[in-house]
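Undergrad: What follows is run.txt, compact mmCIF, C-alpha atoms and all ligand atoms.
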# COMPACT_ATOMS: atom_id res chain seq x y z
CA MET T 7 162.70 186.61 99.89
CA PRO T 8 159.36 185.33 101.17
CA GLU T 9 158.68 186.00 104.82
CA ARG T 10 159.10 182.97 107.06
CA ALA T 11 155.89 182.17 108.87
CA VAL T 12 155.09 179.88 111.78
CA LEU T 13 151.48 178.70 111.53
CA ALA T 14 149.33 178.30 114.63
CA CYS T 15 145.92 176.60 114.69
CA ILE T 16 143.52 175.88 117.48
CA ALA T 17 140.65 173.37 117.50
CA GLY T 18 137.37 175.08 116.76
CA PRO T 19 133.92 174.31 118.09
CA PRO T 20 132.60 170.80 117.39
CA GLY T 21 130.91 170.45 114.02
CA GLY T 22 133.30 172.96 112.44
CA TRP T 23 136.38 172.29 110.37
CA ALA T 24 138.89 169.69 111.56
CA ILE T 25 142.10 171.29 112.81
CA GLU T 26 144.18 169.61 110.05
CA ASP T 27 141.88 171.14 107.43
CA GLU T 28 142.17 174.55 109.05
CA LEU T 29 145.94 174.16 108.98
CA ALA T 30 145.97 173.10 105.32
CA GLU T 31 143.89 176.13 104.38
CA LEU T 32 146.00 178.47 106.49
CA GLU T 33 149.02 177.16 104.59
CA GLU T 34 147.36 178.01 101.27
CA LEU T 35 146.42 181.46 102.54
CA ALA T 36 149.98 182.00 103.76
CA ARG T 37 151.44 181.10 100.37
CA SER T 38 148.86 183.29 98.63
CA ALA T 39 150.06 186.19 100.78
CA GLY T 40 153.64 185.47 99.75
CA ALA T 41 154.83 183.83 102.96
CA GLU T 42 156.71 180.58 103.35
CA PRO T 43 155.28 178.35 106.10
CA VAL T 44 158.26 176.99 108.05
CA ALA T 45 156.63 175.33 111.07
CA ALA T 46 153.21 174.63 112.53
CA VAL T 47 151.92 174.42 116.08
CA LEU T 48 148.52 172.86 116.77
CA GLN T 49 146.48 173.19 119.91
CA ARG T 50 144.05 170.28 119.70
CA HIS T 51 142.20 170.62 122.97
CA ARG T 52 139.81 173.47 123.33
CA HIS T 53 141.16 175.02 126.48
CA TYR T 54 141.48 178.70 125.71
CA GLU T 55 143.61 181.10 127.70
CA PRO T 56 141.65 184.38 127.61
CA ALA T 57 144.74 186.58 127.42
CA THR T 58 146.60 184.72 124.67
CA LEU T 59 144.01 182.25 123.33
CA PHE T 60 146.74 179.58 123.27
CA THR T 61 147.74 177.86 126.51
CA ARG T 62 151.02 178.81 128.14
CA GLY T 63 152.65 175.59 126.94
CA LYS T 64 151.61 176.25 123.35
CA VAL T 65 152.84 179.85 123.53
CA GLU T 66 156.22 178.53 124.64
CA GLU T 67 156.19 176.01 121.81
CA LEU T 68 155.41 178.82 119.38
CA ALA T 69 158.20 181.00 120.78
CA ALA T 70 160.65 178.10 120.40
CA ALA T 71 159.54 177.54 116.79
CA VAL T 72 159.94 181.25 116.00
CA ARG T 73 163.49 181.19 117.40
CA ALA T 74 164.49 177.91 115.81
CA GLU T 75 163.18 178.86 112.36
CA VAL T 76 164.19 182.52 112.57
CA ALA T 77 160.61 183.31 111.61
CA ASP T 78 159.40 186.77 110.69
CA LEU T 79 155.84 186.30 111.83
CA VAL T 80 153.21 183.99 113.27
CA LEU T 81 150.00 183.38 111.34
CA VAL T 82 147.04 182.32 113.46
CA GLY T 83 144.26 180.29 111.80
CA CYS T 84 141.40 182.02 113.59
CA ASP T 85 140.58 185.52 114.77
CA LEU T 86 142.25 187.14 117.77
CA SER T 87 140.97 189.91 119.97
CA PRO T 88 143.17 193.02 119.92
CA ARG T 89 144.37 192.17 123.45
CA GLN T 90 145.25 188.58 122.56
CA GLN T 91 147.22 189.77 119.58
CA LEU T 92 149.16 192.25 121.71
CA HIS T 93 149.97 189.66 124.37
CA LEU T 94 151.06 187.11 121.80
CA GLU T 95 153.32 189.61 120.06
CA GLU T 96 154.95 190.44 123.37
CA ALA T 97 155.46 186.78 124.21
CA LEU T 98 156.73 185.78 120.77
CA GLY T 99 158.74 188.85 119.86
CA CYS T 100 157.44 189.00 116.31
CA ARG T 101 154.38 190.08 114.34
CA VAL T 102 151.24 188.03 114.93
CA ILE T 103 148.61 188.12 112.18
CA ASP T 104 145.17 186.57 112.55
CA ARG T 105 143.11 185.00 109.77
CA THR T 106 140.96 188.03 108.93
CA ARG T 107 143.99 190.28 108.74
CA LEU T 108 145.76 187.78 106.52
CA ILE T 109 142.79 187.64 104.14
CA LEU T 110 142.55 191.43 104.14
CA ASP T 111 146.22 191.59 103.30
CA ILE T 112 145.74 189.29 100.30
CA PHE T 113 142.77 191.41 99.22
CA ALA T 114 144.88 194.56 99.50
CA CYS T 115 147.47 193.07 97.14
CA ARG T 116 144.81 191.98 94.62
CA ALA T 117 142.51 195.01 94.47
CA LYS T 118 142.89 196.70 91.09
CA SER T 119 139.72 198.67 90.40
CA ARG T 120 138.75 201.82 92.27
CA GLU T 121 135.80 199.98 93.74
CA GLY T 122 137.95 197.04 94.85
CA LYS T 123 140.41 199.38 96.55
CA LEU T 124 137.62 201.28 98.30
CA GLN T 125 136.12 198.02 99.53
CA VAL T 126 139.42 196.71 100.84
CA GLU T 127 140.20 199.98 102.58
CA LEU T 128 136.78 199.99 104.22
CA ALA T 129 137.20 196.41 105.42
CA GLN T 130 140.70 197.15 106.72
CA LEU T 131 139.60 200.22 108.63
CA CYS T 132 136.65 198.37 110.15
CA TYR T 133 139.15 195.75 111.27
CA LEU T 134 141.56 198.37 112.59
CA LEU T 135 139.08 200.54 114.48
CA PRO T 136 138.58 198.37 117.57
CA ARG T 137 142.34 197.77 117.61
CA LEU T 138 143.22 201.43 117.89
CA VAL T 139 142.66 201.55 121.63
CA GLY T 140 145.93 201.34 123.50
CA LEU T 141 147.83 199.90 120.58
CA GLY T 142 150.23 202.80 120.25
CA ARG T 143 153.15 200.48 119.82
CA GLU T 144 151.52 198.50 117.07
CA LEU T 145 150.37 201.60 115.28
CA SER T 146 153.78 203.18 115.18
CA ARG T 147 155.15 200.07 113.57
CA THR T 148 156.93 200.71 110.34
CA GLY T 149 158.45 198.42 107.77
CA GLY T 150 156.51 196.27 105.36
CA GLY T 151 155.44 192.70 105.06
CA ILE T 152 152.30 190.69 105.54
CA GLY T 153 149.66 192.39 107.62
CA THR T 154 151.00 195.85 106.91
CA ARG T 155 150.08 196.23 103.25
CA GLY T 156 147.24 198.22 101.83
CA PRO T 157 145.85 201.43 103.12
CA GLY T 158 145.16 200.29 106.68
CA GLU T 159 148.59 201.00 108.01
CA THR T 160 149.06 204.27 106.20
CA LYS T 161 146.58 205.62 108.75
CA LEU T 162 149.02 204.89 111.55
CA GLU T 163 149.15 208.40 112.81
CA THR T 164 145.45 208.98 112.66
CA ASP T 165 143.19 208.69 115.62
CA ARG T 166 139.90 206.90 115.85
CA ARG T 167 137.90 209.99 115.00
CA LYS T 168 139.73 210.34 111.72
CA VAL T 169 139.35 206.65 110.98
CA ARG T 170 135.62 206.92 111.60
CA ALA T 171 135.39 209.92 109.27
CA ARG T 172 137.29 208.00 106.62
CA ILE T 173 134.99 205.00 107.04
CA ALA T 174 131.98 207.26 106.54
CA ALA T 175 133.58 208.80 103.43
CA LEU T 176 134.37 205.37 102.01
CA ARG T 177 130.81 204.20 102.62
CA ARG T 178 129.55 207.28 100.70
CA GLN T 179 131.91 206.65 97.80
CA LEU T 180 130.94 203.00 97.69
CA ALA T 181 127.29 203.97 97.67
CA GLU T 182 128.02 206.08 94.58
CA VAL T 183 129.81 203.17 92.94
CA ALA T 184 126.86 200.94 93.81
CA ALA T 185 124.53 203.45 92.14
CA THR T 186 126.67 203.38 88.98
CA ARG T 187 126.55 199.60 89.02
CA GLN T 188 122.81 199.74 89.36
CA VAL T 189 122.67 201.91 86.22
CA GLN T 190 124.90 199.39 84.42
CA ARG T 191 122.63 196.57 85.52
CA THR T 192 119.56 198.41 84.31
CA GLY T 193 121.37 198.99 81.01
CA ARG T 194 122.08 195.28 80.75
CA ARG T 195 118.46 194.48 81.46
CA ARG T 196 117.55 196.76 78.59
CA VAL T 197 119.93 194.90 76.30
CA GLY T 198 117.87 191.94 77.42
CA LEU T 199 120.68 189.49 78.11
CA PRO T 200 120.25 187.31 81.17
CA LEU T 201 123.01 187.40 83.78
CA VAL T 202 124.85 184.26 84.86
CA ALA T 203 127.28 184.48 87.81
CA LEU T 204 130.15 182.17 88.76
CA VAL T 205 130.27 181.41 92.45
CA GLY T 206 132.37 178.99 94.44
CA TYR T 207 135.18 178.54 96.88
CA THR T 208 138.35 180.45 96.13
CA ASN T 209 140.69 178.62 93.73
CA ALA T 210 137.91 176.32 92.42
CA GLY T 211 138.61 177.44 88.85
CA LYS T 212 135.96 180.12 88.29
CA SER T 213 138.23 182.44 86.33
CA THR T 214 139.58 179.56 84.24
CA LEU T 215 135.99 178.65 83.37
CA HIS T 216 135.19 182.30 82.57
CA ARG T 217 138.10 182.33 80.14
CA ALA T 218 137.08 179.03 78.58
CA LEU T 219 133.44 180.03 78.12
CA CYS T 220 133.81 183.69 77.15
CA GLY T 221 137.34 183.86 75.75
CA SER T 222 138.06 186.52 78.37
CA ASP T 223 141.48 187.34 79.73
CA VAL T 224 140.73 187.37 83.46
CA LEU T 225 143.58 186.45 85.79
CA VAL T 226 143.99 182.76 86.57
CA ALA T 227 146.38 181.87 89.35
CA ASP T 228 146.97 179.02 91.75
CA GLN T 229 146.38 181.18 94.78
CA MET T 230 143.45 182.15 96.92
CA PHE T 231 141.51 185.27 96.06
CA ALA T 232 143.18 185.79 92.70
CA THR T 233 139.97 187.51 91.59
CA LEU T 234 138.63 190.44 93.54
CA ASP T 235 136.92 192.66 90.99
CA PRO T 236 133.99 191.32 89.02
CA THR T 237 134.33 190.97 85.24
CA THR T 238 131.34 190.53 82.96
CA ARG T 239 131.52 189.28 79.37
CA VAL T 240 129.16 187.93 76.74
CA LEU T 241 128.64 184.18 77.03
CA PRO T 242 127.80 182.48 73.71
CA LEU T 243 125.23 179.71 74.05
CA PRO T 244 123.96 177.11 71.57
CA ALA T 245 121.65 178.24 68.76
CA ASN T 246 123.08 181.76 68.77
CA ARG T 247 121.66 182.54 72.16
CA ARG T 248 123.66 184.76 74.43
CA ALA T 249 123.91 185.64 78.09
CA LEU T 250 126.33 187.61 80.26
CA LEU T 251 128.76 185.79 82.53
CA THR T 252 130.24 187.44 85.63
CA ASP T 253 133.40 186.20 87.31
CA THR T 254 133.63 187.33 90.88
CA VAL T 255 135.45 187.03 94.19
CA GLY T 256 135.75 183.54 95.66
CA PHE T 257 134.25 182.53 98.98
CA VAL T 258 136.05 181.18 102.01
CA HIS T 259 134.64 179.77 105.23
CA ASP T 260 134.02 181.89 108.32
CA LEU T 261 134.45 185.26 106.67
CA PRO T 262 133.70 187.96 109.24
CA SER T 263 130.46 189.68 108.31
CA ASP T 264 132.16 193.11 108.29
CA LEU T 265 134.33 191.89 105.51
CA VAL T 266 131.43 190.47 103.54
CA ALA T 267 129.52 193.74 104.06
CA ALA T 268 132.43 195.72 102.64
CA PHE T 269 132.15 193.68 99.47
CA SER T 270 128.43 194.08 99.16
CA ALA T 271 128.68 196.14 95.96
CA THR T 272 130.67 193.36 94.27
CA LEU T 273 128.44 190.66 95.67
CA GLU T 274 125.38 192.54 94.43
CA GLU T 275 126.31 191.11 91.03
CA VAL T 276 125.71 187.65 92.44
CA ARG T 277 122.42 188.64 94.01
CA SER T 278 121.06 190.09 90.80
CA ALA T 279 122.00 187.08 88.65
CA ASP T 280 119.35 185.01 86.87
CA LEU T 281 121.42 181.85 87.21
CA LEU T 282 124.39 180.79 89.33
CA LEU T 283 127.11 178.36 88.31
CA GLU T 284 128.46 176.86 91.52
CA VAL T 285 131.98 175.73 90.67
CA VAL T 286 133.42 172.95 92.84
CA ASP T 287 136.98 171.62 92.62
CA GLN T 288 136.13 167.90 92.63
CA SER T 289 139.79 167.01 93.21
CA HIS T 290 140.02 169.06 96.41
CA PRO T 291 140.24 167.06 99.66
CA ARG T 292 138.08 169.63 101.48
CA GLN T 293 135.40 170.05 98.81
CA GLY T 294 132.62 168.91 101.17
CA GLU T 295 133.44 171.62 103.69
CA GLN T 296 133.97 174.09 100.87
CA ARG T 297 130.52 173.44 99.42
CA ALA T 298 128.94 173.91 102.83
CA ALA T 299 130.83 177.21 103.25
CA VAL T 300 129.64 178.41 99.82
CA GLU T 301 126.08 177.48 100.69
CA ALA T 302 126.32 179.45 103.94
CA GLN T 303 127.66 182.52 102.11
CA LEU T 304 124.95 182.31 99.47
CA ARG T 305 122.32 182.15 102.17
CA HIS T 306 123.93 185.09 103.94
CA LEU T 307 123.75 187.04 100.67
CA GLY T 308 120.15 186.07 100.08
CA ALA T 309 121.19 184.34 96.84
CA ALA T 310 120.58 180.71 97.84
CA GLY T 311 117.22 180.65 96.06
CA ILE T 312 118.53 181.71 92.63
CA PRO T 313 118.42 178.89 90.05
CA ARG T 314 121.76 177.12 90.12
CA ILE T 315 123.82 174.55 88.24
CA LEU T 316 126.44 172.52 90.11
CA VAL T 317 129.65 172.42 88.07
CA TRP T 318 132.17 169.76 89.10
CA ASN T 319 135.42 171.21 87.80
CA LYS T 320 138.96 169.84 87.35
CA CYS T 321 137.70 166.48 86.07
CA ASP T 322 141.04 166.00 84.35
CA LEU T 323 142.39 165.37 87.87
CA PRO T 324 141.51 162.33 89.98
CA PRO T 325 138.58 162.98 92.33
CA ALA T 326 139.36 163.54 96.00
CA GLU T 327 139.45 160.24 97.87
CA ASP T 328 137.76 161.63 100.91
CA ALA T 329 135.71 164.69 100.07
CA GLY T 330 135.15 165.57 103.69
CA PRO T 331 131.76 165.84 105.34
CA VAL T 332 129.25 167.56 103.10
CA GLY T 333 127.20 169.78 105.38
CA ALA T 334 123.97 171.49 104.48
CA VAL T 335 124.03 171.72 100.69
CA ARG T 336 121.40 171.52 97.98
CA THR T 337 121.01 168.03 96.54
CA ASP T 338 118.43 168.93 93.92
CA LEU T 339 120.68 170.81 91.52
CA ALA T 340 121.37 170.02 87.88
CA GLN T 341 124.99 168.86 87.65
CA VAL T 342 127.70 168.66 85.04
CA ARG T 343 131.27 167.41 85.12
CA ILE T 344 133.81 169.53 83.30
CA SER T 345 137.42 170.51 83.04
CA ALA T 346 137.82 174.22 82.46
CA ARG T 347 141.44 173.47 81.61
CA THR T 348 140.92 170.83 78.89
CA GLY T 349 137.47 171.96 77.73
CA GLN T 350 135.83 168.65 78.58
CA GLY T 351 132.09 168.99 79.24
CA LEU T 352 131.87 172.64 78.24
CA GLU T 353 129.37 172.08 75.42
CA GLU T 354 127.16 170.16 77.83
CA LEU T 355 127.46 173.01 80.31
CA ARG T 356 126.50 175.59 77.67
CA ALA T 357 123.42 173.55 76.76
CA LEU T 358 122.49 173.22 80.43
CA ILE T 359 122.85 176.98 80.94
CA ALA T 360 120.64 177.65 77.92
CA ALA T 361 118.02 175.23 79.23
CA HIS T 362 117.98 177.01 82.59
CA LEU T 363 117.55 180.52 81.23
CA PRO T 364 114.13 181.85 80.37
CA GLU T 365 113.53 181.70 76.62
CA ASP T 366 113.70 185.29 75.47
CA ARG T 367 112.99 184.44 71.84
CA VAL T 368 109.85 183.67 69.96
CA GLU T 369 109.14 181.16 67.24
CA VAL T 370 108.23 182.62 63.89
CA ARG T 371 107.13 181.09 60.57
CA ALA T 372 107.39 183.12 57.43
CA LEU T 373 107.33 182.71 53.66
CA LEU T 374 109.85 185.24 52.44
CA PRO T 375 110.04 186.48 48.86
CA TYR T 376 113.26 185.74 46.95
CA GLY T 377 115.38 188.84 47.45
CA ALA T 378 114.77 188.96 51.21
CA GLU T 379 117.78 186.72 51.93
CA SER T 380 119.29 189.42 54.13
CA LEU T 381 116.57 188.65 56.66
CA VAL T 382 117.61 185.00 56.65
CA HIS T 383 121.19 186.12 57.30
CA ALA T 384 119.95 188.28 60.18
CA VAL T 385 118.32 185.22 61.71
CA ARG T 386 121.50 183.18 61.20
CA ARG T 387 123.50 185.86 63.00
CA ASN T 388 121.15 186.69 65.86
CA GLY T 389 118.68 183.86 66.10
CA HIS T 390 118.30 180.25 65.17
CA VAL T 391 117.07 178.83 61.87
CA GLU T 392 115.06 175.72 62.62
CA GLU T 393 113.86 174.96 59.07
CA LEU T 394 114.60 176.48 55.74
CA THR T 395 113.05 175.21 52.50
CA TYR T 396 112.96 176.75 49.06
CA HIS T 397 109.59 176.73 47.30
CA GLU T 398 108.41 178.21 44.10
CA ALA T 399 106.41 180.79 46.06
CA GLY T 400 109.31 181.83 48.24
CA ILE T 401 111.64 180.82 51.09
CA ALA T 402 109.83 179.04 53.92
CA LEU T 403 111.47 179.76 57.23
CA VAL T 404 110.85 178.51 60.73
CA ALA T 405 113.06 180.34 63.20
CA ARG T 406 113.60 181.44 66.78
CA CYS T 407 114.66 185.02 67.25
CA SER T 408 114.06 188.23 69.17
CA PRO T 409 110.53 189.63 69.08
CA ALA T 410 111.85 192.62 67.07
CA LEU T 411 113.35 190.46 64.33
CA ALA T 412 110.25 188.24 64.37
CA HIS T 413 108.20 191.33 63.70
CA ARG T 414 110.33 192.23 60.66
CA LEU T 415 110.06 188.67 59.35
CA ARG T 416 106.30 188.68 59.68
CA ALA T 417 106.08 192.06 57.99
CA ALA T 418 108.08 190.75 55.03
CA SER T 419 106.23 187.44 54.88
CA LEU T 420 104.01 186.70 51.89
CA ALA T 421 101.97 184.23 53.91
CA GLU T 422 102.40 181.94 56.88
CA ALA T 423 105.10 179.42 56.02
CA PRO T 424 103.94 175.90 55.25
CA ALA T 425 103.84 173.72 58.35
CA PRO T 426 107.05 171.71 58.74
CA ARG T 427 106.93 168.15 57.53
CA ALA T 428 106.41 165.77 60.41
N1 LIG E 1 143.86 170.61 86.47
C1 LIG E 1 143.00 171.61 86.40
N2 LIG E 1 143.32 172.78 86.98
C2 LIG E 1 142.45 173.80 86.88
C3 LIG E 1 141.18 173.65 86.23
N3 LIG E 1 140.51 174.81 86.33
C4 LIG E 1 141.32 175.66 87.02
N4 LIG E 1 142.48 175.05 87.36
C5 LIG E 1 143.62 175.64 88.11
O1 LIG E 1 143.18 176.00 89.40
C6 LIG E 1 143.84 177.21 89.84
C7 LIG E 1 142.82 178.25 90.23
O2 LIG E 1 142.11 178.66 89.09
P1 LIG E 1 141.32 180.05 89.01
O3 LIG E 1 140.53 180.00 87.76
O4 LIG E 1 142.24 181.20 89.22
O5 LIG E 1 140.37 179.88 90.28
P2 LIG E 1 139.29 180.90 90.86
O6 LIG E 1 138.13 180.09 91.32
O7 LIG E 1 139.03 181.99 89.90
O8 LIG E 1 140.07 181.44 92.14
P3 LIG E 1 139.96 182.86 92.90
O9 LIG E 1 139.82 183.94 91.92
O10 LIG E 1 141.25 182.88 93.65
O11 LIG E 1 138.78 182.72 93.82
C8 LIG E 1 144.73 177.62 88.68
O12 LIG E 1 146.03 177.16 88.93
C9 LIG E 1 144.09 176.93 87.48
O13 LIG E 1 145.04 176.69 86.46
C10 LIG E 1 140.88 172.37 85.62
O14 LIG E 1 139.83 172.13 85.02
N5 LIG E 1 141.83 171.41 85.76
MG MG E 2 139.31 183.95 90.00
Using structure tokens, write down the structure that the file contains.
Ligand SMILES: Nc1nc2c(ncn2[C@@H]2O[C@H](COP(=O)(O)OP(=O)(O)OP(=O)(O)O)[C@@H](O)[C@H]2O)c(=O)[nH]1
Ligand SMILES: [Mg+2]
TA:
Amino acid sequence: MPERAVLACIAGPPGGWAIEDELAELEELARSAGAEPVAAVLQRHRHYEPATLFTRGKVEELAAAVRAEVADLVLVGCDLSPRQQLHLEEALGCRVIDRTRLILDIFACRAKSREGKLQVELAQLCYLLPRLVGLGRELSRTGGGIGTRGPGETKLETDRRKVRARIAALRRQLAEVAATRQVQRTGRRRVGLPLVALVGYTNAGKSTLHRALCGSDVLVADQMFATLDPTTRVLPLPANRRALLTDTVGFVHDLPSDLVAAFSATLEEVRSADLLLEVVDQSHPRQGEQRAAVEAQLRHLGAAGIPRILVWNKCDLPPAEDAGPVGAVRTDLAQVRISARTGQGLEELRALIAAHLPEDRVEVRALLPYGAESLVHAVRRNGHVEELTYHEAGIALVARCSPALAHRLRAASLAEAPAPRA
């Protein structure tokens, strides 16, 4: 039985997201966490009550909705101070979960790898720490449900000192993981394959595209933050070129910086990429806001300057009628329209990726003796044959391949191959 949730949104500062958009996203987050939204209360005017955030009238409206719908919890579309949360819980008689806690809860359900779990635990404890003061009642809460999953609440009995010690231990362990990743990255550099990273708003279709391009088996799901742990696979490109493609965690607007910091090891993959594919769901009514949020996160990560291709995904669906205001985004990017689901536009995307990556291969001309066909096969497998003609003197080959293979071809060559016919 999904938990029944009353949603509560409050108008943000001007220039931010419209309250209806905040509500729509909160609904998606709620469903992703396994809750069923049963009612919504909006506070449109920006008159905040310091103790409860919502005005007294709105708190009463919320309490009535909780009673009428027999709701299990209230999900708030922004962040609450520990005191506001406490006061709201007292007034409403049920659990009150703010946006960060809701996202953390989804993360806790999704984390699979050791690194992912460490990162989620760190983020949860950082969230919990300031809330430990005077929240004895909350901390002794038992039972399950949204906002209580993951390691955060298993520390109920611990005091702040212990939480701090655990945070320090987690940071150390994550630093070790980061060091291992660094070794892996160096190893990849040695293999010589460039790294391409998928970035974009959560649920834009990054994992679907990863599957379509690399034949990988990463999880695809119509929910937010389906992917938490990065996956890297070989990406085949035209003319036998190859790169590595990393699928990673999706972005969402207004992520608290603590949370982003906890995921720095994962996001390091993005920072070290040679090329980014920014995936946008072109059918999404809030794609304008989403793109602006992605841009902000990339800037925050220091990855906004990495070469990038804009990938308009889900082109099998009608485009959004009103894409929402597009904030500060790059307008100078190469673009391609695709459907990761149907495969439309993927060849064009592969060609665009290849064109954006530095050419790691050299051109070579050789006149190979008959009997050296195995070298031609090696080029067919690992490089690109641009011209192949059979002459009396030997096999004339013009090819693009790795410097090592080019060296072998030159060594076996009888003479420079005849210039290609114009
Ligand atoms: N119609 C259509 N649906 C798509 C397309 N690409 C992805 N989807 C759907 O969009 C939903 C989200 O896809 P994912 O690939 O999991 O998205 P993601 O960006 O990896 O999401 P997170 O990992 O949650 O950040 C799934 O239900 C996909 O089936 C597409 O080209 N067309
Ligand atoms: Mg994904």
Undergrad: What residues have any atom no more than 9 Å from ligand MG 2 (chain E) when counting only C-alpha atoms and all ligand atoms, and can you list them as a PyMOL selection string?
TA: chain T and resi 208-214+216+224-227+229-234+253-256
Undergrad: Which residue out of T:Val183, T:Val189, T:Ala310, T:Leu219 has the minimum interatomic distance to ligand LIG 1 (chain E) when only C-alpha atoms and all ligand atoms are used?
TA: T:Leu219
Undergrad: If we count all atoms listed in the file and set the cut-off at 10 Å, which residues sit around Gln91 (chain T), ignoring sequence neighbours fewer than 3 positions away in its own chain? Please answer as a PyMOL selection string.
TA: chain T and resi 57-59+82+85-88+94-97+101-104+137
Undergrad: List the neighbours of Gln296 (chain T) out to 8 Å using all atoms listed in the file; skip same-chain residues closer than 5 positions along the sequence, and give me the result as a ChimeraX atom specification.
TA: /T:207,258-259
Undergrad: Report, in Å with one decimal, the straight-line distance from CA of Val285 (chain T) to CA of Thr192 (chain T).
TA: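 Atom-to-atom, CA of Val285 (chain T) and CA of Thr192 (chain T) are spaced 26.6 Å apart.
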Undergrad: Would you pick out the contacts of Asp366 (chain T) at 7 Å or less, using all atoms listed in the file, so that residues sharing its chain but fewer than 2 positions from it are not included, and give the list as a PDB file with C-alpha atoms, in the coordinates of the input?
TA:
ATOM      1  CA  PRO T 364     114.130 181.850  80.370  1.00  0.00           C
ATOM      2  CA  VAL T 368     109.850 183.670  69.960  1.00  0.00           C
ATOM      3  CA  SER T 408     114.060 188.230  69.170  1.00  0.00           C
TER       4      SER T 408
END
Undergrad: Pick out the closest residue to ligand LIG 1 (chain E) from this set: T:Arg217, T:Arg386, T:Lys64, T:Arg416. Count all atoms listed in the file.
TA: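 Counting all atoms listed in the file, the residue closest to ligand LIG 1 (chain E) is T:Arg217.
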Undergrad: Considering all atoms listed in the file, can you say which of T:Thr395, T:Ser38, T:Thr238, T:Ser119 comes closest to ligand LIG 1 (chain E)?
TA: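 So, comparing all the options, the nearest one is T:Ser38.
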Undergrad: I'd like the neighbourhood of region 358-363 of chain T as a list in words, where a residue qualifies if any of its atoms comes within 8 Å (using all atoms listed in the file), though same-chain residues fewer than 6 positions away should be ignored.
TA: Pro200, Leu243, Pro244, Arg247, Asp280, Leu281, Pro313 and Ile315 of chain T
Undergrad: In Å, how far is it from CA of Leu79 (chain T) to CA of Ala11 (chain T)?
TA: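 One can read the CA of Leu79 (chain T) to CA of Ala11 (chain T) distance as 5.1 Å.
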Undergrad: Using only C-alpha atoms and all ligand atoms, can you tell me which of T:Thr337, T:Gln350, T:Asn319, T:Thr252 comes closest to ligand LIG 1 (chain E)?
TA: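 Among the listed residues, T:Asn319 lies closest to ligand LIG 1 (chain E).
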Undergrad: Check the smallest atom-to-atom distance from each of T:Gly83, T:Pro291, T:Gly206, T:Gly122 to Leu108 (chain T) using only C-alpha atoms, then report the winner.
TA: T:Gly83
Undergrad: What does the structure give for the distance between CA of Glu327 (chain T) and CA of Gly294 (chain T), in Å to one decimal?
TA: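 Going from CA of Glu327 (chain T) over to CA of Gly294 (chain T) covers 11.5 Å.
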Undergrad: With all atoms listed in the file as the atoms that count, which of T:Ala245, T:Ala357, T:Val205, T:Ile312 lies nearest to Val300 (chain T)?
TA: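 The answer is T:Val205, which sits nearest to Val300 (chain T).
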Undergrad: How big is the axis-aligned box around all listed atoms of region 168-172 of chain T once 4 Å goes on each side, and where's its centre, in Å to one decimal, as AutoDock Vina command-line options?
TA:
--center_x 137.6 --center_y 208.5 --center_z 109.2 --size_x 12.3 --size_y 11.7 --size_z 13.1
